[in-house]
Each structure stands twice: as C-alpha cells, then as structure tokens.
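Below is run.csv, which holds CSV, C-alpha atoms.
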chain,number,residue,atom,x,y,z
A,1,MET,CA,21.8,-2.8,21.0
A,2,LYS,CA,18.4,-2.9,19.5
A,3,ARG,CA,16.0,-4.9,21.6
A,4,GLY,CA,14.4,-7.9,19.9
A,5,ARG,CA,10.6,-8.4,19.5
A,6,LEU,CA,8.4,-10.8,21.4
A,7,ILE,CA,6.4,-12.9,18.9
A,8,VAL,CA,3.6,-15.2,20.1
A,9,VAL,CA,2.5,-18.0,17.8
A,10,SER,CA,-0.6,-20.2,18.2
A,11,ALA,CA,-2.2,-22.8,15.9
A,12,PRO,CA,-4.6,-25.6,16.1
A,13,SER,CA,-2.8,-29.0,16.3
A,14,GLY,CA,-2.0,-30.4,12.9
A,15,CYS,CA,-1.6,-27.0,11.1
A,16,GLY,CA,2.0,-27.6,10.3
A,17,LYS,CA,3.1,-25.1,12.9
A,18,GLY,CA,6.0,-27.3,13.9
A,19,THR,CA,7.2,-27.6,10.3
A,20,ILE,CA,6.9,-23.9,9.6
A,21,LEU,CA,8.7,-22.9,12.9
A,22,GLY,CA,11.4,-25.6,12.2
A,23,ARG,CA,12.2,-23.8,9.0
A,24,VAL,CA,12.1,-20.3,10.4
A,25,LEU,CA,14.2,-21.2,13.5
A,26,GLN,CA,17.1,-22.4,11.4
A,27,ASP,CA,18.3,-18.8,11.7
A,28,ARG,CA,19.6,-19.2,15.2
A,29,GLU,CA,21.3,-15.8,15.2
A,30,ARG,CA,18.1,-13.9,14.7
A,31,PHE,CA,15.6,-16.0,16.7
A,32,PHE,CA,15.4,-17.5,20.1
A,33,TYR,CA,12.7,-20.2,20.6
A,34,SER,CA,11.2,-20.0,24.1
A,35,VAL,CA,11.0,-23.6,25.4
A,36,SER,CA,7.8,-24.1,27.4
A,37,ALA,CA,7.6,-25.9,30.7
A,38,THR,CA,5.0,-28.7,31.1
A,39,THR,CA,3.9,-31.3,33.6
A,40,ARG,CA,2.8,-33.7,30.8
A,41,ALA,CA,4.8,-36.8,30.2
A,42,PRO,CA,7.5,-36.7,27.4
A,43,ARG,CA,6.4,-38.3,24.1
A,44,GLU,CA,8.8,-40.6,22.3
A,45,GLY,CA,11.6,-38.6,20.9
A,46,GLU,CA,11.0,-35.5,23.0
A,47,GLU,CA,14.0,-34.2,24.8
A,48,ASN,CA,14.0,-32.2,28.1
A,49,GLY,CA,15.2,-28.7,27.4
A,50,VAL,CA,14.6,-29.0,23.6
A,51,HIS,CA,10.9,-29.7,23.1
A,52,TYR,CA,9.8,-28.9,26.6
A,53,LEU,CA,11.2,-28.4,30.1
A,54,PHE,CA,9.5,-31.4,31.8
A,55,TYR,CA,8.6,-30.4,35.3
A,56,THR,CA,6.9,-32.3,38.1
A,57,ARG,CA,3.6,-30.9,39.2
A,58,GLU,CA,5.1,-29.8,42.5
A,59,ALA,CA,8.0,-28.0,40.8
A,60,PHE,CA,5.6,-26.3,38.4
A,61,GLU,CA,3.4,-25.0,41.2
A,62,ARG,CA,6.5,-23.7,43.1
A,63,CYS,CA,7.4,-21.6,40.0
A,64,ILE,CA,3.8,-20.3,39.8
A,65,LYS,CA,4.1,-19.1,43.4
A,66,GLY,CA,7.5,-17.6,42.7
A,67,GLU,CA,6.0,-15.7,39.6
A,68,LEU,CA,8.7,-17.2,37.4
A,69,PHE,CA,6.2,-17.7,34.5
A,70,LEU,CA,5.2,-15.1,31.9
A,71,GLU,CA,2.0,-17.1,31.6
A,72,TYR,CA,0.7,-20.6,32.5
A,73,ALA,CA,-2.4,-22.6,31.8
A,74,GLU,CA,-3.9,-26.0,32.5
A,75,TYR,CA,-4.8,-27.8,29.3
A,76,CYS,CA,-6.1,-31.4,29.0
A,77,GLY,CA,-5.1,-32.0,32.7
A,78,ASN,CA,-1.5,-30.7,32.4
A,79,TYR,CA,0.2,-27.5,33.2
A,80,TYR,CA,2.0,-25.6,30.4
A,81,GLY,CA,4.0,-22.4,31.2
A,82,THR,CA,6.5,-19.9,29.8
A,83,PRO,CA,9.6,-19.3,31.9
A,84,LEU,CA,10.1,-15.5,32.0
A,85,ALA,CA,13.9,-15.0,32.5
A,86,PRO,CA,15.2,-16.5,29.3
A,87,ILE,CA,12.8,-14.3,27.2
A,88,GLU,CA,14.1,-11.1,28.8
A,89,VAL,CA,17.7,-12.1,28.3
A,90,HIS,CA,17.3,-12.9,24.6
A,91,LEU,CA,15.2,-9.8,23.9
A,92,ASN,CA,18.0,-7.7,25.4
A,93,MET,CA,20.5,-9.6,23.2
A,94,GLY,CA,18.6,-8.2,20.2
A,95,GLN,CA,17.0,-11.6,19.2
A,96,ASP,CA,13.4,-12.0,18.3
A,97,VAL,CA,11.8,-14.4,20.8
A,98,ILE,CA,9.3,-16.9,19.4
A,99,LEU,CA,6.8,-18.2,21.9
A,100,GLU,CA,4.7,-21.1,20.7
A,101,ILE,CA,1.6,-21.5,23.0
A,102,GLU,CA,-2.1,-22.3,22.9
A,103,VAL,CA,-4.8,-19.7,22.7
A,104,GLN,CA,-5.5,-19.6,26.5
A,105,GLY,CA,-1.8,-18.8,27.3
A,106,ALA,CA,-1.6,-16.3,24.4
A,107,MET,CA,-4.5,-14.3,25.7
A,108,GLN,CA,-2.8,-14.0,29.1
A,109,ILE,CA,0.3,-12.6,27.3
A,110,ARG,CA,-1.8,-10.2,25.3
A,111,GLU,CA,-2.9,-8.5,28.6
A,112,LYS,CA,0.5,-8.5,30.2
A,113,ARG,CA,2.7,-7.5,27.2
A,114,PRO,CA,1.7,-4.7,25.0
A,115,ASP,CA,5.1,-5.1,23.3
A,116,ALA,CA,4.2,-8.6,22.0
A,117,SER,CA,2.9,-9.4,18.5
A,118,PHE,CA,0.5,-12.3,17.9
A,119,ILE,CA,0.5,-14.6,14.9
A,120,PHE,CA,-2.1,-17.3,14.3
A,121,ILE,CA,-1.3,-20.2,11.9
A,122,ALA,CA,-4.5,-21.7,10.4
A,123,PRO,CA,-5.1,-24.7,8.3
A,124,PRO,CA,-7.0,-24.1,5.0
A,125,SER,CA,-10.2,-25.6,6.4
A,126,PRO,CA,-11.3,-28.1,9.2
A,127,ALA,CA,-11.7,-30.7,6.4
A,128,ALA,CA,-8.1,-30.3,5.4
A,129,LEU,CA,-7.0,-30.5,9.1
A,130,ARG,CA,-8.9,-33.8,9.5
A,131,GLU,CA,-7.2,-35.2,6.4
A,132,ARG,CA,-3.7,-34.1,7.6
A,133,LEU,CA,-4.1,-35.7,11.0
A,134,THR,CA,-5.5,-38.9,9.5
A,135,ASN,CA,-2.5,-39.1,7.1
A,136,ARG,CA,-0.1,-38.5,9.9
A,137,GLY,CA,-1.4,-41.7,11.5
A,138,THR,CA,-0.2,-41.0,15.0
A,139,GLU,CA,-3.7,-40.5,16.6
A,140,ASP,CA,-6.8,-42.7,16.6
A,141,ALA,CA,-10.1,-41.6,15.1
A,142,GLU,CA,-11.6,-40.4,18.3
A,143,THR,CA,-8.5,-38.2,19.1
A,144,ILE,CA,-8.6,-36.8,15.6
A,145,GLU,CA,-12.2,-35.8,16.0
A,146,LYS,CA,-11.4,-34.1,19.3
A,147,ARG,CA,-8.5,-32.2,17.7
A,148,VAL,CA,-10.6,-31.1,14.8
A,149,GLN,CA,-13.3,-29.8,17.2
A,150,GLN,CA,-10.7,-28.1,19.3
A,151,ALA,CA,-9.3,-26.5,16.1
A,152,GLU,CA,-12.7,-25.3,15.1
A,153,LYS,CA,-13.1,-23.8,18.5
A,154,GLU,CA,-9.6,-22.2,18.4
A,155,LEU,CA,-10.2,-20.8,14.9
A,156,THR,CA,-12.9,-18.6,16.4
A,157,CYS,CA,-10.0,-17.0,18.4
A,158,VAL,CA,-8.1,-15.7,15.4
A,159,ASP,CA,-9.6,-12.3,15.9
A,160,ALA,CA,-7.5,-11.9,19.0
A,161,TYR,CA,-4.3,-12.2,17.0
A,162,ASP,CA,-2.6,-9.5,14.9
A,163,TYR,CA,-1.7,-11.7,11.9
A,164,CYS,CA,-3.0,-14.9,10.4
A,165,VAL,CA,-0.8,-17.1,8.2
A,166,ILE,CA,-2.7,-19.8,6.3
A,167,ASN,CA,-0.7,-23.0,5.8
A,168,ASP,CA,-2.0,-24.2,2.5
A,169,ASP,CA,1.3,-24.4,0.7
A,170,LEU,CA,4.3,-24.9,3.0
A,171,ASP,CA,6.8,-22.6,1.1
A,172,THR,CA,4.2,-19.8,0.9
A,173,ALA,CA,3.4,-20.2,4.6
A,174,VAL,CA,7.1,-20.0,5.6
A,175,ALA,CA,7.6,-16.9,3.3
A,176,ASP,CA,4.4,-15.3,4.8
A,177,PHE,CA,5.6,-16.0,8.3
A,178,LEU,CA,9.0,-14.5,7.7
A,179,ALA,CA,7.3,-11.4,6.0
A,180,VAL,CA,5.2,-10.9,9.1
A,181,VAL,CA,8.2,-11.3,11.4
A,182,ARG,CA,10.1,-8.7,9.4
A,183,ALA,CA,7.1,-6.3,9.5
A,184,ILE,CA,7.0,-6.8,13.3
A,185,GLU,CA,10.7,-5.8,13.4
A,186,LEU,CA,9.8,-2.7,11.4
A,187,LYS,CA,6.8,-1.8,13.5
A,188,VAL,CA,6.9,1.6,15.1
A,189,LYS,CA,6.8,1.1,18.9
B,1,MET,CA,-13.5,-11.5,-3.8
B,2,LYS,CA,-11.2,-10.6,-1.0
B,3,ARG,CA,-11.0,-6.8,-0.6
B,4,GLY,CA,-7.6,-5.2,-1.0
B,5,ARG,CA,-5.8,-3.2,1.7
B,6,LEU,CA,-5.4,0.6,1.9
B,7,ILE,CA,-1.7,1.4,2.4
B,8,VAL,CA,-0.6,5.0,3.1
B,9,VAL,CA,3.1,5.8,2.5
B,10,SER,CA,4.9,8.9,3.6
B,11,ALA,CA,8.6,9.9,3.4
B,12,PRO,CA,10.7,13.0,3.6
B,13,SER,CA,11.8,14.2,0.1
B,14,GLY,CA,14.9,12.5,-1.1
B,15,CYS,CA,14.4,9.3,0.8
B,16,GLY,CA,14.3,7.2,-2.3
B,17,LYS,CA,10.5,6.8,-1.9
B,18,GLY,CA,9.9,7.1,-5.6
B,19,THR,CA,12.6,4.5,-6.4
B,20,ILE,CA,11.2,2.0,-3.9
B,21,LEU,CA,7.6,2.5,-5.0
B,22,GLY,CA,8.7,2.2,-8.7
B,23,ARG,CA,10.0,-1.2,-8.0
B,24,VAL,CA,7.1,-2.3,-5.8
B,25,LEU,CA,4.5,-1.1,-8.3
B,26,GLN,CA,5.8,-3.2,-11.1
B,27,ASP,CA,3.3,-5.7,-9.9
B,28,ARG,CA,0.3,-4.1,-11.5
B,29,GLU,CA,-2.0,-7.0,-10.8
B,30,ARG,CA,-1.5,-6.7,-7.1
B,31,PHE,CA,-1.2,-3.0,-6.6
B,32,PHE,CA,-3.1,0.1,-7.6
B,33,TYR,CA,-1.2,3.4,-7.2
B,34,SER,CA,-3.6,6.2,-6.2
B,35,VAL,CA,-2.7,9.3,-8.3
B,36,SER,CA,-3.0,12.5,-6.3
B,37,ALA,CA,-4.6,15.7,-7.5
B,38,THR,CA,-2.6,18.9,-7.2
B,39,THR,CA,-2.8,22.6,-8.1
B,40,ARG,CA,1.0,22.9,-8.4
B,41,ALA,CA,2.5,23.3,-11.9
B,42,PRO,CA,3.8,20.1,-13.6
B,43,ARG,CA,7.6,19.7,-13.5
B,44,GLU,CA,9.5,18.7,-16.6
B,45,GLY,CA,8.6,15.1,-17.5
B,46,GLU,CA,5.5,14.9,-15.3
B,47,GLU,CA,2.4,13.7,-17.0
B,48,ASN,CA,-1.2,14.5,-16.2
B,49,GLY,CA,-2.8,11.3,-14.8
B,50,VAL,CA,0.5,9.5,-14.3
B,51,HIS,CA,2.4,11.5,-11.7
B,52,TYR,CA,-0.4,13.8,-10.7
B,53,LEU,CA,-3.9,14.9,-11.8
B,54,PHE,CA,-3.2,18.6,-12.4
B,55,TYR,CA,-6.2,20.6,-11.4
B,56,THR,CA,-6.8,24.3,-11.4
B,57,ARG,CA,-7.4,25.9,-8.1
B,58,GLU,CA,-11.0,26.4,-9.0
B,59,ALA,CA,-11.6,22.8,-10.0
B,60,PHE,CA,-9.8,21.6,-6.8
B,61,GLU,CA,-12.0,23.7,-4.6
B,62,ARG,CA,-15.1,22.5,-6.4
B,63,CYS,CA,-14.0,18.9,-5.5
B,64,ILE,CA,-13.5,19.8,-1.9
B,65,LYS,CA,-17.0,21.1,-1.7
B,66,GLY,CA,-18.3,18.0,-3.4
B,67,GLU,CA,-16.5,15.8,-0.8
B,68,LEU,CA,-14.7,14.0,-3.6
B,69,PHE,CA,-11.4,13.8,-1.8
B,70,LEU,CA,-10.4,11.2,0.9
B,71,GLU,CA,-8.1,13.9,2.2
B,72,TYR,CA,-6.6,17.2,1.0
B,73,ALA,CA,-4.0,19.6,2.3
B,74,GLU,CA,-2.3,22.8,1.4
B,75,TYR,CA,1.4,22.5,1.3
B,76,CYS,CA,4.0,25.1,0.2
B,77,GLY,CA,1.1,27.2,-1.3
B,78,ASN,CA,-0.5,24.4,-3.3
B,79,TYR,CA,-3.4,22.0,-2.8
B,80,TYR,CA,-2.8,18.2,-2.8
B,81,GLY,CA,-5.6,15.8,-2.6
B,82,THR,CA,-6.6,12.1,-2.9
B,83,PRO,CA,-9.6,11.3,-5.1
B,84,LEU,CA,-11.8,8.9,-3.2
B,85,ALA,CA,-13.7,7.0,-6.0
B,86,PRO,CA,-10.8,5.1,-7.7
B,87,ILE,CA,-9.6,3.9,-4.3
B,88,GLU,CA,-12.9,2.2,-3.5
B,89,VAL,CA,-13.1,0.7,-6.9
B,90,HIS,CA,-9.7,-0.9,-6.8
B,91,LEU,CA,-10.0,-2.1,-3.1
B,92,ASN,CA,-13.2,-3.9,-4.2
B,93,MET,CA,-11.3,-5.4,-7.1
B,94,GLY,CA,-9.1,-7.0,-4.5
B,95,GLN,CA,-6.0,-4.8,-5.2
B,96,ASP,CA,-3.9,-3.2,-2.5
B,97,VAL,CA,-4.2,0.6,-3.0
B,98,ILE,CA,-0.9,2.5,-2.4
B,99,LEU,CA,-1.4,6.1,-1.3
B,100,GLU,CA,1.7,8.3,-1.4
B,101,ILE,CA,1.1,11.5,0.6
B,102,GLU,CA,2.8,13.9,3.0
B,103,VAL,CA,2.4,13.6,6.8
B,104,GLN,CA,-0.4,16.2,7.1
B,105,GLY,CA,-2.6,14.3,4.6
B,106,ALA,CA,-1.7,10.9,6.2
B,107,MET,CA,-2.9,12.1,9.6
B,108,GLN,CA,-6.3,13.0,8.1
B,109,ILE,CA,-6.6,9.5,6.7
B,110,ARG,CA,-5.6,8.0,10.0
B,111,GLU,CA,-8.7,9.5,11.6
B,112,LYS,CA,-11.1,8.7,8.7
B,113,ARG,CA,-9.9,5.2,7.8
B,114,PRO,CA,-9.3,2.6,10.6
B,115,ASP,CA,-8.8,0.1,7.8
B,116,ALA,CA,-5.7,1.8,6.5
B,117,SER,CA,-2.1,0.9,7.3
B,118,PHE,CA,0.7,3.5,7.5
B,119,ILE,CA,4.2,3.0,6.3
B,120,PHE,CA,7.0,5.6,6.8
B,121,ILE,CA,10.1,5.5,4.7
B,122,ALA,CA,13.1,7.1,6.4
B,123,PRO,CA,16.6,8.0,5.3
B,124,PRO,CA,19.4,6.6,7.4
B,125,SER,CA,20.1,10.1,8.9
B,126,PRO,CA,19.6,13.8,8.1
B,127,ALA,CA,23.3,14.0,7.0
B,128,ALA,CA,22.7,11.1,4.5
B,129,LEU,CA,19.6,12.9,3.1
B,130,ARG,CA,21.6,16.1,2.6
B,131,GLU,CA,24.3,14.1,0.7
B,132,ARG,CA,21.7,12.5,-1.5
B,133,LEU,CA,20.0,15.7,-2.4
B,134,THR,CA,23.3,17.3,-3.1
B,135,ASN,CA,24.4,14.4,-5.4
B,136,ARG,CA,21.1,14.6,-7.2
B,137,GLY,CA,22.0,18.1,-8.2
B,138,THR,CA,18.4,19.2,-9.1
B,139,GLU,CA,18.0,21.7,-6.2
B,140,ASP,CA,20.1,24.7,-5.0
B,141,ALA,CA,21.8,24.8,-1.6
B,142,GLU,CA,19.0,26.8,0.0
B,143,THR,CA,16.3,24.4,-1.2
B,144,ILE,CA,18.3,21.5,0.0
B,145,GLU,CA,18.6,22.9,3.5
B,146,LYS,CA,14.8,23.6,3.5
B,147,ARG,CA,14.2,20.0,2.5
B,148,VAL,CA,16.5,18.6,5.2
B,149,GLN,CA,14.9,20.8,7.9
B,150,GLN,CA,11.4,19.6,6.6
B,151,ALA,CA,12.7,16.0,6.7
B,152,GLU,CA,13.9,16.4,10.3
B,153,LYS,CA,10.5,17.8,11.2
B,154,GLU,CA,8.7,15.0,9.4
B,155,LEU,CA,10.9,12.4,11.1
B,156,THR,CA,9.3,13.4,14.4
B,157,CYS,CA,6.0,12.2,12.9
B,158,VAL,CA,7.2,8.6,12.5
B,159,ASP,CA,5.4,7.6,15.7
B,160,ALA,CA,2.1,8.2,14.0
B,161,TYR,CA,2.9,5.4,11.5
B,162,ASP,CA,2.5,1.7,11.9
B,163,TYR,CA,5.8,0.6,10.2
B,164,CYS,CA,9.1,2.4,9.4
B,165,VAL,CA,11.2,1.2,6.5
B,166,ILE,CA,14.8,2.7,6.5
B,167,ASN,CA,16.2,3.2,3.1
B,168,ASP,CA,19.9,2.5,3.7
B,169,ASP,CA,20.4,-0.1,1.0
B,170,LEU,CA,17.8,-0.1,-1.8
B,171,ASP,CA,17.3,-3.8,-2.3
B,172,THR,CA,16.9,-4.3,1.5
B,173,ALA,CA,14.4,-1.4,1.6
B,174,VAL,CA,12.3,-2.9,-1.3
B,175,ALA,CA,12.3,-6.3,0.4
B,176,ASP,CA,11.3,-4.7,3.7
B,177,PHE,CA,8.6,-2.7,2.1
B,178,LEU,CA,7.2,-5.9,0.4
B,179,ALA,CA,7.4,-7.8,3.7
B,180,VAL,CA,5.4,-5.1,5.4
B,181,VAL,CA,2.8,-5.1,2.6
B,182,ARG,CA,2.5,-8.9,2.9
B,183,ALA,CA,2.0,-8.7,6.6
B,184,ILE,CA,-0.6,-6.0,6.1
B,185,GLU,CA,-2.4,-8.4,3.8
B,186,LEU,CA,-2.2,-11.1,6.5
B,187,LYS,CA,-3.4,-8.7,9.3
B,188,VAL,CA,-6.5,-9.9,11.1
B,189,LYS,CA,-9.2,-7.2,10.6
Represent the structure from my file as structure tokens, please.
Amino acid sequence: MKRGRLIVVSAPSGCGKGTILGRVLQDRERFFYSVSATTRAPREGEENGVHYLFYTREAFERCIKGELFLEYAEYCGNYYGTPLAPIEVHLNMGQDVILEIEVQGAMQIREKRPDASFIFIAPPSPAALRERLTNRGTEDAETIEKRVQQAEKELTCVDAYDYCVINDDLDTAVADFLAVVRAIELKVK
Amino acid sequence: MKRGRLIVVSAPSGCGKGTILGRVLQDRERFFYSVSATTRAPREGEENGVHYLFYTREAFERCIKGELFLEYAEYCGNYYGTPLAPIEVHLNMGQDVILEIEVQGAMQIREKRPDASFIFIAPPSPAALRERLTNRGTEDAETIEKRVQQAEKELTCVDAYDYCVINDDLDTAVADFLAVVRAIELKVK
C-alpha cells in the first residue's frame, strides 16, 4: 500500500484554520487528524481525545523522557506535544496525516522529518485578523491585541513553510488547501 | 503585480500530455504557453508560431550564439530550444508560463532557474503506452517500440522532477495537473 504523506499546518490564531481543517477533514478515509497532547486546561466544549489529549504535567514529562513525542513545545506556560505512534500507524495505512501545530513545534518537525510538507494559513492582513477576533467576541481587548502581535510575529515565519494559503474567502481557501494537499500527494519523493 | 510562475512539463511521447495541456491552457488569462523553436520539419497540421517556431539550422545557431534561448538541445538530429524573452514578459505580466520540453532541456532549466517548478506526466505503465500508440495508428511498429523504449528511459528521470501526474483517467489527470499548478502558485518563495 502507498504510504500517506505527513502534512504540518500552522496558522496564527483567528485565521479560520479550524474552519478550513473542519471542512477538509470531512474526508475521513483520506485524512487522519493527529490529536495533540497538552497540559493546558480544557476549554468549554473541548473533549479529551477529540480536540486534545489532556495530560497532567507529570504524565507529559514522562512521555518526553520516553521519546514518545515527534515534537513538543512550551507555549504560554503549557506543554503541547505530538504523539508519534498514531502518526506512523496512519501513514502506513496510506492516509495523509494532518498535524496542526504552532510555529515552534513545526520547526522541530522540519528538522526531524524531511518527508513532511509544511502549509501556513495566513489571514489577509493583521487588520483583518483583529476584526475577526473582535467579531468572534470570545476574547477581551487585551487578549486580542496579544494575539494580533503574536500573529504578526508568526507571519514572519511563513518563509519556513512550503506553501501559504491565504484565508480571504473560505471556499477559495478550502479549495486551495485541497489543491496543495493533492500536489503534496503527487510530489516526487 | 504578482509575478507568475515558471512551470516546466515533460512527458514521454503518447502520455496524453498534449490533451492535458490543451485542456489546461484554455484559461488564456492565467497561462502563457511557451512555444518552442525547432529545426525539425513541420508535421501535417502544425502551424508556425502555434505548435513550434520553425527555424532553419542557421537561424537556430545564430540564436544560440546570441544567448536568446533559456535552453536548447539536440534530439533525434534536430535542435529544440526555448526563446527566453517571451517567458520573462509573461511572467512579469503575472501569468504562469508553461514550458513543454523533453527531459534533457528540462534538466538545463533546473540548473539555471531555481524559481521554476517541474512536473512530469507519466503513463500508467509501458504496456499502456504501447497500447495507446498502437491505437493512435500514426506510427509504424518499429517507431512505436522506439518510443516505448525512450519512454522507459525517460521514466527513470522522474526523480529529477518536483511532481508526477499519472495519466490513467484524463479528467483526474487534468484535475491533478491544475491542483499542482495551484500549489505552485501558493509555494513560498
């Protein structure tokens, strides 16, 4: 069986990354979504094993020692990591594995996995991102400004990625994302 | 204006490359097809400036000396070359430039143009290629065998390309080709 492709996706918060991936991942035959482990507290509506694997700090550090993560990073005081075993299983099953992680983690994978491809999802502009976060209404003004600053910082990292999908119009962004994924499948190894 | 992308396409003869490109190039706003120069005699139905620029051997060699080709090669006793000027004009106009050339020429471009992307179109198998050429009925048995042997040799060159589109089903191949082109447009430079 043809081995699947490892696809790493990063985006500043509020880019619509979740919405795009939600649409893409409807094809459950073709894609496996790698669920990250984290030590941060679950937010309302987040389920263990679906949105994240919620670990205690102790359990997470045991897994680091056991080399059970493809990558891990500390971000805003919490650990985030990518469990290695499920990725290999699903790649061998011929599925594309989608890894959604922040820039710091993605750069660790870039070094370890020459077989991986890297997609960056970008908002049209920092101003548009601020507007989206404000309209979402789930964060206060200070948090939004922090996010926008973080996004501006992360946008400077786009050069470390292979492809950049700009989420201006959602349908176009989903189509672009799927075109990039198909091209990755057709990449000569 | 955003600069277009330089896209180099190669395929063994009889892969359906012409049919795929014919469909793709219907979008004349988006694509510019780079017409090659050649010293070989026009075949029936071939028009100067459409299928090829038909040069005399003397004129071709004058252009070589003037460095007016992006690449050139001798193939089956004839020169084939890619005029440089129109490519730059159309890239600057924001169009993707599609260059259809054989492997030898493509490898010259690989060295000269790090901005170019390389797509290989492959038949499902040498047996399928032989069947297609036989059904086409425009070549005799000896020519067909030469073509199949040439194709087998060229297939070993696929590793030098970035993407490989297999032409098993035409609609799928066209969709795959367009997905690869879109991904190339979204590539981080």
**Request:** Considering all atoms listed in the file, return as number ranges by chain whatever protein or nucleic-acid residues lie within 6 Å of region 51-55 of chain A, sequence-local ones (same chain, fewer than 2 positions apart) excluded.
**Result:** A: 35-39, 46-49, 60
Give one line per residue of region 29-91 of chain A that approaches region 132-153 of chain A to at most 12 Å, naming the two atoms of the closest pair and their distance in Å to one decimal, counting all atoms listed in the file; sort by chain then ascending residue number and deliver it as a Markdown table.
| residue | atom | partner | partner_atom | distance |
| --- | --- | --- | --- | --- |
| A:Arg43 | CA | A:Thr138 | CA | 11.6 |
| A:Glu44 | CA | A:Thr138 | CA | 11.6 |
| A:Tyr75 | CA | A:Gln150 | CA | 11.6 |
| A:Cys76 | CA | A:Gln150 | CA | 11.2 |
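What separates CA of Ala11 (chain B) from CA of Gln26 (chain B) is a distance of 19.7 Å.
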Sort by chain and increasing residue number a table of all residues of chain A within 6 Å of chain B, each with its closest pair of atoms and their distance in Å to one decimal, counting all atoms listed in the file, and write it as a Markdown table.
| residue | atom | partner | partner_atom | distance |
| --- | --- | --- | --- | --- |
| A:Asp162 | CA | B:Val188 | CA | 5.5 |
| A:Tyr163 | CA | B:Lys187 | CA | 4.3 |
| A:Cys164 | CA | B:Leu186 | CA | 5.5 |
| A:Ala179 | CA | B:Ala179 | CA | 4.3 |
| A:Val180 | CA | B:Ala183 | CA | 4.6 |
| A:Ala183 | CA | B:Val180 | CA | 4.6 |
| A:Leu186 | CA | B:Tyr163 | CA | 5.3 |
| A:Lys187 | CA | B:Tyr163 | CA | 4.2 |
| A:Val188 | CA | B:Tyr163 | CA | 5.1 |
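One finds CA of Pro123 (chain A) at 26.6 Å from CA of Phe31 (chain B).
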Here CA of Gly81 (chain B) and CA of Gly14 (chain B) stand apart by 20.8 Å
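If only C-alpha atoms are the atoms counted, then among A:Val89, A:Ala128, A:Ile64, A:Ile109 the closest residue to Gly16 (chain A) is A:Ala128.
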Counting only C-alpha atoms, closest pick from A:Gly66, A:Leu170, A:Ser34, A:Arg40 relative to Pro124 (chain A) is A:Leu170
Between B:Glu131, B:Glu67, B:Asp27, B:Glu74, which one has atoms that come closest to Ile101 (chain B), using all atoms listed in the file?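 Of B:Glu131, B:Glu67, B:Asp27, B:Glu74, the one nearest Ile101 (chain B), counting all atoms listed in the file, is B:Glu74.
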Nearest to Ile7 (chain A), restricted to only C-alpha atoms and choosing among A:Glu88, A:Glu102, A:Glu154, A:Asp115, comes out as A:Asp115
Neighbours of point (6.8, -24.7, 9.2) within 9 Å, using all atoms listed in the file, written as a tab-separated table (two decimals) with C-alpha atoms, in the frame of the given file:
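What follows is the written file out25.tsv:
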chain	number	residue	atom	x	y	z
A	15	CYS	CA	-1.60	-27.00	11.10
A	16	GLY	CA	2.00	-27.60	10.30
A	17	LYS	CA	3.10	-25.10	12.90
A	18	GLY	CA	6.00	-27.30	13.90
A	19	THR	CA	7.20	-27.60	10.30
A	20	ILE	CA	6.90	-23.90	9.60
A	21	LEU	CA	8.70	-22.90	12.90
A	22	GLY	CA	11.40	-25.60	12.20
A	23	ARG	CA	12.20	-23.80	9.00
A	24	VAL	CA	12.10	-20.30	10.40
A	167	ASN	CA	-0.70	-23.00	5.80
A	170	LEU	CA	4.30	-24.90	3.00
A	171	ASP	CA	6.80	-22.60	1.10
A	173	ALA	CA	3.40	-20.20	4.60
A	174	VAL	CA	7.10	-20.00	5.60
A	177	PHE	CA	5.60	-16.00	8.30
Give me the residues within 8 Å of Glu71 (chain A) as an MDAnalysis selection string, counting all atoms listed in the file and dropping any in the same chain fewer than 2 places off.
chainID A and resid 69 73 81:83 105 108:109
Write region 136-151 of chain A as a compact mmCIF listing (two decimals), in the coordinates of the input, completed to N, CA and C atoms.
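Saved as selection-v4.txt:
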# COMPACT_ATOMS: atom_id res chain seq x y z
N ARG A 136 -1.23 -38.41 9.04
CA ARG A 136 -0.10 -38.50 9.90
C ARG A 136 -0.08 -39.84 10.66
N GLY A 137 -1.29 -40.35 10.93
CA GLY A 137 -1.40 -41.70 11.50
C GLY A 137 -0.93 -41.90 12.90
N THR A 138 -0.69 -40.82 13.65
CA THR A 138 -0.20 -41.00 15.00
C THR A 138 -1.33 -40.95 16.05
N GLU A 139 -2.54 -40.59 15.63
CA GLU A 139 -3.70 -40.50 16.60
C GLU A 139 -4.82 -41.41 16.08
N ASP A 140 -5.63 -41.91 17.02
CA ASP A 140 -6.80 -42.70 16.60
C ASP A 140 -7.94 -41.78 16.21
N ALA A 141 -8.98 -42.37 15.65
CA ALA A 141 -10.10 -41.60 15.10
C ALA A 141 -10.74 -40.66 16.09
N GLU A 142 -10.92 -41.17 17.32
CA GLU A 142 -11.60 -40.40 18.30
C GLU A 142 -10.75 -39.12 18.69
N THR A 143 -9.41 -39.35 18.84
CA THR A 143 -8.50 -38.20 19.10
C THR A 143 -8.53 -37.20 18.02
N ILE A 144 -8.54 -37.70 16.77
CA ILE A 144 -8.60 -36.80 15.60
C ILE A 144 -9.81 -35.92 15.65
N GLU A 145 -10.96 -36.54 15.93
CA GLU A 145 -12.20 -35.80 16.00
C GLU A 145 -12.15 -34.69 17.07
N LYS A 146 -11.58 -35.08 18.22
CA LYS A 146 -11.40 -34.10 19.30
C LYS A 146 -10.55 -32.94 18.87
N ARG A 147 -9.45 -33.26 18.19
CA ARG A 147 -8.50 -32.20 17.70
C ARG A 147 -9.19 -31.29 16.71
N VAL A 148 -9.97 -31.87 15.81
CA VAL A 148 -10.60 -31.10 14.80
C VAL A 148 -11.66 -30.11 15.48
N GLN A 149 -12.39 -30.68 16.46
CA GLN A 149 -13.30 -29.80 17.20
C GLN A 149 -12.62 -28.74 17.96
N GLN A 150 -11.49 -29.10 18.58
CA GLN A 150 -10.70 -28.10 19.30
C GLN A 150 -10.19 -27.03 18.34
N ALA A 151 -9.76 -27.47 17.14
CA ALA A 151 -9.30 -26.50 16.10
C ALA A 151 -10.36 -25.58 15.67
